[in-house]
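Data file: input_11.pdb. Format and content: PDB, N, CA, C and O atoms and all ligand atoms.
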```
ATOM      1  N   MET A 228     -47.725  46.191   9.515
ATOM      2  CA  MET A 228     -47.259  44.898  10.045
ATOM      3  C   MET A 228     -46.441  44.163   8.988
ATOM      4  O   MET A 228     -46.700  44.274   7.807
ATOM      5  N   LYS A 229     -45.459  43.416   9.456
ATOM      6  CA  LYS A 229     -44.593  42.718   8.511
ATOM      7  C   LYS A 229     -44.545  41.231   8.798
ATOM      8  O   LYS A 229     -44.630  40.801   9.943
ATOM      9  N   CYS A 230     -44.322  40.486   7.737
ATOM     10  CA  CYS A 230     -44.154  39.043   7.877
ATOM     11  C   CYS A 230     -42.831  38.758   8.592
ATOM     12  O   CYS A 230     -41.803  39.321   8.243
ATOM     13  N   THR A 231     -42.873  37.898   9.597
ATOM     14  CA  THR A 231     -41.669  37.604  10.377
ATOM     15  C   THR A 231     -40.627  36.882   9.538
ATOM     16  O   THR A 231     -39.429  37.046   9.739
ATOM     17  N   THR A 232     -41.072  36.085   8.590
ATOM     18  CA  THR A 232     -40.155  35.263   7.819
ATOM     19  C   THR A 232     -39.523  35.999   6.634
ATOM     20  O   THR A 232     -38.311  35.974   6.452
ATOM     21  N   CYS A 233     -40.329  36.680   5.835
ATOM     22  CA  CYS A 233     -39.796  37.311   4.631
ATOM     23  C   CYS A 233     -39.754  38.841   4.733
ATOM     24  O   CYS A 233     -39.252  39.503   3.839
ATOM     25  N   HIS A 234     -40.279  39.386   5.826
ATOM     26  CA  HIS A 234     -40.266  40.831   6.103
ATOM     27  C   HIS A 234     -41.001  41.649   5.049
ATOM     28  O   HIS A 234     -40.730  42.830   4.870
ATOM     29  N   GLU A 235     -41.921  41.019   4.396
ATOM     30  CA  GLU A 235     -42.726  41.735   3.433
ATOM     31  C   GLU A 235     -43.880  42.418   4.156
ATOM     32  O   GLU A 235     -44.416  41.883   5.123
ATOM     33  N   ASN A 236     -44.246  43.567   3.690
ATOM     34  CA  ASN A 236     -45.371  44.256   4.297
ATOM     35  C   ASN A 236     -46.673  43.530   4.005
ATOM     36  O   ASN A 236     -46.902  43.066   2.896
ATOM     37  N   LEU A 237     -47.505  43.436   5.029
ATOM     38  CA  LEU A 237     -48.768  42.744   4.857
ATOM     39  C   LEU A 237     -49.876  43.769   4.685
ATOM     40  O   LEU A 237     -50.109  44.608   5.544
ATOM     41  N   MET A 238     -50.530  43.683   3.550
ATOM     42  CA  MET A 238     -51.541  44.674   3.235
ATOM     43  C   MET A 238     -52.921  44.245   3.740
ATOM     44  O   MET A 238     -53.633  45.006   4.354
ATOM     45  N   SER A 239     -53.270  43.015   3.489
ATOM     46  CA  SER A 239     -54.596  42.551   3.847
ATOM     47  C   SER A 239     -54.543  41.621   5.055
ATOM     48  O   SER A 239     -53.668  40.763   5.151
ATOM     49  N   GLU A 240     -55.476  41.790   5.951
ATOM     50  CA  GLU A 240     -55.487  40.971   7.160
ATOM     51  C   GLU A 240     -55.858  39.525   6.881
ATOM     52  O   GLU A 240     -55.662  38.665   7.713
ATOM     53  N   GLU A 241     -56.396  39.290   5.709
ATOM     54  CA  GLU A 241     -56.779  37.921   5.388
ATOM     55  C   GLU A 241     -55.596  37.105   4.892
ATOM     56  O   GLU A 241     -55.678  35.904   4.729
ATOM     57  N   ASN A 242     -54.509  37.801   4.637
ATOM     58  CA  ASN A 242     -53.376  37.119   4.020
ATOM     59  C   ASN A 242     -52.276  36.701   4.979
ATOM     60  O   ASN A 242     -51.178  36.378   4.570
ATOM     61  N   PHE A 243     -52.546  36.744   6.257
ATOM     62  CA  PHE A 243     -51.503  36.297   7.176
ATOM     63  C   PHE A 243     -52.073  35.626   8.422
ATOM     64  O   PHE A 243     -53.243  35.772   8.749
ATOM     65  N   THR A 244     -51.227  34.882   9.083
ATOM     66  CA  THR A 244     -51.607  34.271  10.345
ATOM     67  C   THR A 244     -50.725  34.836  11.445
ATOM     68  O   THR A 244     -49.572  35.179  11.216
ATOM     69  N   LYS A 245     -51.263  34.884  12.626
ATOM     70  CA  LYS A 245     -50.577  35.501  13.740
ATOM     71  C   LYS A 245     -50.669  34.541  14.910
ATOM     72  O   LYS A 245     -51.756  34.042  15.227
ATOM     73  N   PHE A 246     -49.548  34.261  15.538
ATOM     74  CA  PHE A 246     -49.604  33.373  16.686
ATOM     75  C   PHE A 246     -48.452  33.648  17.640
ATOM     76  O   PHE A 246     -47.406  34.144  17.243
ATOM     77  N   ALA A 247     -48.657  33.339  18.882
ATOM     78  CA  ALA A 247     -47.624  33.547  19.892
ATOM     79  C   ALA A 247     -46.615  32.421  19.847
ATOM     80  O   ALA A 247     -46.931  31.302  19.445
ATOM     81  N   CYS A 248     -45.392  32.715  20.244
ATOM     82  CA  CYS A 248     -44.353  31.694  20.313
ATOM     83  C   CYS A 248     -44.808  30.598  21.265
ATOM     84  O   CYS A 248     -45.176  30.870  22.396
ATOM     85  N   PRO A 249     -44.812  29.341  20.802
ATOM     86  CA  PRO A 249     -45.305  28.241  21.638
ATOM     87  C   PRO A 249     -44.430  27.966  22.847
ATOM     88  O   PRO A 249     -44.843  27.299  23.781
ATOM     89  N   GLN A 250     -43.217  28.472  22.827
ATOM     90  CA  GLN A 250     -42.313  28.187  23.938
ATOM     91  C   GLN A 250     -42.347  29.262  25.029
ATOM     92  O   GLN A 250     -42.533  28.959  26.189
ATOM     93  N   CYS A 251     -42.179  30.512  24.635
ATOM     94  CA  CYS A 251     -42.130  31.566  25.656
ATOM     95  C   CYS A 251     -43.403  32.404  25.696
ATOM     96  O   CYS A 251     -43.640  33.110  26.669
ATOM     97  N   LEU A 252     -44.221  32.316  24.665
ATOM     98  CA  LEU A 252     -45.474  33.054  24.564
ATOM     99  C   LEU A 252     -45.295  34.567  24.656
ATOM    100  O   LEU A 252     -46.237  35.297  24.902
ATOM    101  N   GLU A 253     -44.101  35.033  24.457
ATOM    102  CA  GLU A 253     -43.854  36.459  24.632
ATOM    103  C   GLU A 253     -43.736  37.215  23.323
ATOM    104  O   GLU A 253     -43.879  38.424  23.291
ATOM    105  N   THR A 254     -43.417  36.506  22.264
ATOM    106  CA  THR A 254     -43.328  37.179  20.974
ATOM    107  C   THR A 254     -44.462  36.703  20.075
ATOM    108  O   THR A 254     -44.983  35.603  20.240
ATOM    109  N   THR A 255     -44.803  37.532  19.141
ATOM    110  CA  THR A 255     -45.852  37.169  18.199
ATOM    111  C   THR A 255     -45.251  37.017  16.819
ATOM    112  O   THR A 255     -44.536  37.899  16.347
ATOM    113  N   THR A 256     -45.497  35.890  16.217
ATOM    114  CA  THR A 256     -45.011  35.645  14.873
ATOM    115  C   THR A 256     -46.118  35.946  13.874
ATOM    116  O   THR A 256     -47.247  35.506  14.033
ATOM    117  N   VAL A 257     -45.769  36.709  12.868
ATOM    118  CA  VAL A 257     -46.719  37.040  11.819
ATOM    119  C   VAL A 257     -46.202  36.432  10.530
ATOM    120  O   VAL A 257     -45.050  36.628  10.160
ATOM    121  N   ARG A 258     -47.044  35.679   9.886
ATOM    122  CA  ARG A 258     -46.583  35.028   8.672
ATOM    123  C   ARG A 258     -47.604  35.141   7.544
ATOM    124  O   ARG A 258     -48.789  34.925   7.747
ATOM    125  N   CYS A 259     -47.116  35.449   6.358
ATOM    126  CA  CYS A 259     -48.007  35.575   5.211
ATOM    127  C   CYS A 259     -48.306  34.194   4.632
ATOM    128  O   CYS A 259     -47.615  33.220   4.925
ATOM    129  N   THR A 260     -49.310  34.137   3.803
ATOM    130  CA  THR A 260     -49.715  32.855   3.242
ATOM    131  C   THR A 260     -48.639  32.254   2.357
ATOM    132  O   THR A 260     -48.508  31.047   2.250
ATOM    133  N   LYS A 261     -47.852  33.116   1.743
ATOM    134  CA  LYS A 261     -46.763  32.650   0.886
ATOM    135  C   LYS A 261     -45.771  31.814   1.698
ATOM    136  O   LYS A 261     -45.390  30.723   1.325
ATOM    137  N   CYS A 262     -45.360  32.353   2.839
ATOM    138  CA  CYS A 262     -44.405  31.644   3.687
ATOM    139  C   CYS A 262     -45.040  30.426   4.342
ATOM    140  O   CYS A 262     -44.378  29.428   4.588
ATOM    141  N   ARG A 263     -46.314  30.505   4.624
ATOM    142  CA  ARG A 263     -46.977  29.364   5.229
ATOM    143  C   ARG A 263     -47.044  28.209   4.245
ATOM    144  O   ARG A 263     -46.877  27.048   4.590
ATOM    145  N   ARG A 264     -47.265  28.529   3.001
ATOM    146  CA  ARG A 264     -47.318  27.493   1.981
ATOM    147  C   ARG A 264     -45.957  26.849   1.778
ATOM    148  O   ARG A 264     -45.832  25.667   1.519
ATOM    149  N   LYS A 265     -44.926  27.668   1.887
ATOM    150  CA  LYS A 265     -43.563  27.139   1.738
ATOM    151  C   LYS A 265     -43.079  26.492   3.021
ATOM    152  O   LYS A 265     -41.992  25.939   3.076
ATOM    153  N   THR A 266     -43.862  26.617   4.074
ATOM    154  CA  THR A 266     -43.515  26.186   5.422
ATOM    155  C   THR A 266     -42.108  26.610   5.830
ATOM    156  O   THR A 266     -41.305  25.827   6.319
ATOM    157  N   ASN A 267     -41.829  27.872   5.613
ATOM    158  CA  ASN A 267     -40.572  28.453   6.078
ATOM    159  C   ASN A 267     -40.493  28.389   7.600
ATOM    160  O   ASN A 267     -41.488  28.571   8.275
ATOM    161  N   LEU A 268     -39.301  28.146   8.088
ATOM    162  CA  LEU A 268     -39.121  28.137   9.533
ATOM    163  C   LEU A 268     -39.046  29.560  10.060
ATOM    164  O   LEU A 268     -38.574  30.460   9.379
ATOM    165  N   TYR A 269     -39.531  29.749  11.265
ATOM    166  CA  TYR A 269     -39.350  31.053  11.893
ATOM    167  C   TYR A 269     -38.557  30.855  13.172
ATOM    168  O   TYR A 269     -38.521  29.780  13.752
ATOM    169  N   THR A 270     -37.889  31.879  13.585
ATOM    170  CA  THR A 270     -37.142  31.811  14.830
ATOM    171  C   THR A 270     -37.631  32.897  15.777
ATOM    172  O   THR A 270     -37.730  34.053  15.394
ATOM    173  N   CYS A 271     -37.926  32.514  16.978
ATOM    174  CA  CYS A 271     -38.356  33.473  17.984
ATOM    175  C   CYS A 271     -37.175  34.348  18.371
ATOM    176  O   CYS A 271     -36.079  33.858  18.638
ATOM    177  N   THR A 272     -37.415  35.654  18.389
ATOM    178  CA  THR A 272     -36.329  36.580  18.716
ATOM    179  C   THR A 272     -35.974  36.547  20.187
ATOM    180  O   THR A 272     -34.931  37.005  20.604
ATOM    181  N   LYS A 273     -36.860  36.011  20.971
ATOM    182  CA  LYS A 273     -36.655  36.035  22.417
ATOM    183  C   LYS A 273     -35.976  34.770  22.933
ATOM    184  O   LYS A 273     -35.007  34.816  23.668
ATOM    185  N   CYS A 274     -36.508  33.610  22.539
ATOM    186  CA  CYS A 274     -35.992  32.368  23.125
ATOM    187  C   CYS A 274     -35.312  31.469  22.078
ATOM    188  O   CYS A 274     -34.878  30.369  22.409
ATOM    189  N   ASP A 275     -35.229  31.946  20.830
ATOM    190  CA  ASP A 275     -34.584  31.200  19.747
ATOM    191  C   ASP A 275     -35.295  29.902  19.387
ATOM    192  O   ASP A 275     -34.708  29.006  18.796
ATOM    193  N   PHE A 276     -36.545  29.799  19.755
ATOM    194  CA  PHE A 276     -37.322  28.645  19.354
ATOM    195  C   PHE A 276     -37.508  28.640  17.843
ATOM    196  O   PHE A 276     -37.804  29.670  17.252
ATOM    197  N   GLU A 277     -37.331  27.481  17.245
ATOM    198  CA  GLU A 277     -37.532  27.364  15.812
ATOM    199  C   GLU A 277     -38.750  26.520  15.520
ATOM    200  O   GLU A 277     -38.882  25.415  16.042
ATOM    201  N   GLY A 278     -39.639  27.049  14.704
ATOM    202  CA  GLY A 278     -40.862  26.299  14.419
ATOM    203  C   GLY A 278     -41.308  26.496  12.988
ATOM    204  O   GLY A 278     -40.858  27.401  12.310
ATOM    205  N   PRO A 279     -42.190  25.656  12.537
ATOM    206  CA  PRO A 279     -42.712  25.735  11.171
ATOM    207  C   PRO A 279     -43.768  26.837  11.030
ATOM    208  O   PRO A 279     -44.319  27.274  12.027
TER     209      PRO A 279
HETATM  210 ZN    ZN B 301     -43.757  36.043   4.309
HETATM  211 ZN    ZN B 302     -40.100  32.339  22.107
END
```

Starting from the file, give its structure as structure tokens.
Ligand SMILES: [Zn+2]
Ligand SMILES: [Zn+2]
Amino acid sequence: MKCTTCHENLMSEENFTKFACPQCLETTTVRCTKCRRKTNLYTCTKCDFEGP
């Protein structure tokens, strides 16, 4: 599995969060703790929703 924001491989399941796109609920965003701390924006590949 890869981080949606930085595309880094995620080794440990404790180091990332996973959630569905709040707008279309069709894509799943995976984000590592590093990106969460930096509050990088992610963009949904399906509906172009941008969120923190
Ligand atoms: Zn990341
Ligand atoms: Zn979406």

Fill in: Exercise: range 243-258 of chain A partners within 8 Å, all atoms listed in the file, chain neighbours under 4 positions left out, as a ChimeraX atom specification
/A:228-235,237-239,262-263,269-274,276

Worksheet, complete the sentence: If you count only C-alpha atoms and all ligand atoms, the residue of A:Lys265, A:Cys259, A:Glu241, A:Pro279 closest to ligand ZN 301 (chain B) turns out to be A:Cys259

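Note that the spacing between atom O of Asp275 in chain A and CA of Asn242 in chain A amounts to 25.2 Å.
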
Practice prompt. Identify, with DSSP run on backbone atoms, the residues in chain A assigned to alpha helix (DSSP H), and express the list as a PyMOL selection string.
Written response: chain A and resi 260-265

Give me the box for range 240-256 of chain A as lines of an AutoDock Vina configuration file, namely the centre and edge lengths in Å to one decimal of a box along x, y and z that holds every listed atom plus 5 Å on each side.
```
center_x = -49.5
center_y = 34.5
center_z = 15.3
size_x = 24.6
size_y = 24.5
size_z = 32.6
```

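Residues of chain A that DSSP places in strand (DSSP E or B), based on the backbone of this structure, are Lys229, Asn236, Phe243, Thr244, Lys245, Phe246, Ala247, Thr255, Thr256, Val257, Arg258, Cys259, Tyr269, Thr270, Glu277 and Gly278 of chain A.
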
Expected file contents, prior selection, N, CA, C and O atoms, as an mmCIF file, keeping the file's coordinate frame:
```
data_model
loop_
_atom_site.group_PDB
_atom_site.id
_atom_site.type_symbol
_atom_site.label_atom_id
_atom_site.label_comp_id
_atom_site.auth_asym_id
_atom_site.auth_seq_id
_atom_site.Cartn_x
_atom_site.Cartn_y
_atom_site.Cartn_z
ATOM 1 N N LYS A 229 -45.459 43.416 9.456
ATOM 2 C CA LYS A 229 -44.593 42.718 8.511
ATOM 3 C C LYS A 229 -44.545 41.231 8.798
ATOM 4 O O LYS A 229 -44.630 40.801 9.943
ATOM 5 N N ASN A 236 -44.246 43.567 3.690
ATOM 6 C CA ASN A 236 -45.371 44.256 4.297
ATOM 7 C C ASN A 236 -46.673 43.530 4.005
ATOM 8 O O ASN A 236 -46.902 43.066 2.896
ATOM 9 N N PHE A 243 -52.546 36.744 6.257
ATOM 10 C CA PHE A 243 -51.503 36.297 7.176
ATOM 11 C C PHE A 243 -52.073 35.626 8.422
ATOM 12 O O PHE A 243 -53.243 35.772 8.749
ATOM 13 N N THR A 244 -51.227 34.882 9.083
ATOM 14 C CA THR A 244 -51.607 34.271 10.345
ATOM 15 C C THR A 244 -50.725 34.836 11.445
ATOM 16 O O THR A 244 -49.572 35.179 11.216
ATOM 17 N N LYS A 245 -51.263 34.884 12.626
ATOM 18 C CA LYS A 245 -50.577 35.501 13.740
ATOM 19 C C LYS A 245 -50.669 34.541 14.910
ATOM 20 O O LYS A 245 -51.756 34.042 15.227
ATOM 21 N N PHE A 246 -49.548 34.261 15.538
ATOM 22 C CA PHE A 246 -49.604 33.373 16.686
ATOM 23 C C PHE A 246 -48.452 33.648 17.640
ATOM 24 O O PHE A 246 -47.406 34.144 17.243
ATOM 25 N N ALA A 247 -48.657 33.339 18.882
ATOM 26 C CA ALA A 247 -47.624 33.547 19.892
ATOM 27 C C ALA A 247 -46.615 32.421 19.847
ATOM 28 O O ALA A 247 -46.931 31.302 19.445
ATOM 29 N N THR A 255 -44.803 37.532 19.141
ATOM 30 C CA THR A 255 -45.852 37.169 18.199
ATOM 31 C C THR A 255 -45.251 37.017 16.819
ATOM 32 O O THR A 255 -44.536 37.899 16.347
ATOM 33 N N THR A 256 -45.497 35.890 16.217
ATOM 34 C CA THR A 256 -45.011 35.645 14.873
ATOM 35 C C THR A 256 -46.118 35.946 13.874
ATOM 36 O O THR A 256 -47.247 35.506 14.033
ATOM 37 N N VAL A 257 -45.769 36.709 12.868
ATOM 38 C CA VAL A 257 -46.719 37.040 11.819
ATOM 39 C C VAL A 257 -46.202 36.432 10.530
ATOM 40 O O VAL A 257 -45.050 36.628 10.160
ATOM 41 N N ARG A 258 -47.044 35.679 9.886
ATOM 42 C CA ARG A 258 -46.583 35.028 8.672
ATOM 43 C C ARG A 258 -47.604 35.141 7.544
ATOM 44 O O ARG A 258 -48.789 34.925 7.747
ATOM 45 N N CYS A 259 -47.116 35.449 6.358
ATOM 46 C CA CYS A 259 -48.007 35.575 5.211
ATOM 47 C C CYS A 259 -48.306 34.194 4.632
ATOM 48 O O CYS A 259 -47.615 33.220 4.925
ATOM 49 N N TYR A 269 -39.531 29.749 11.265
ATOM 50 C CA TYR A 269 -39.350 31.053 11.893
ATOM 51 C C TYR A 269 -38.557 30.855 13.172
ATOM 52 O O TYR A 269 -38.521 29.780 13.752
ATOM 53 N N THR A 270 -37.889 31.879 13.585
ATOM 54 C CA THR A 270 -37.142 31.811 14.830
ATOM 55 C C THR A 270 -37.631 32.897 15.777
ATOM 56 O O THR A 270 -37.730 34.053 15.394
ATOM 57 N N GLU A 277 -37.331 27.481 17.245
ATOM 58 C CA GLU A 277 -37.532 27.364 15.812
ATOM 59 C C GLU A 277 -38.750 26.520 15.520
ATOM 60 O O GLU A 277 -38.882 25.415 16.042
ATOM 61 N N GLY A 278 -39.639 27.049 14.704
ATOM 62 C CA GLY A 278 -40.862 26.299 14.419
ATOM 63 C C GLY A 278 -41.308 26.496 12.988
ATOM 64 O O GLY A 278 -40.858 27.401 12.310
#
```

Worksheet item: What does the distance between atom ZN of ligand ZN 301 (chain B) and atom C of Arg264 in chain A come to in Å, to one decimal place?
Response: 9.8 Å
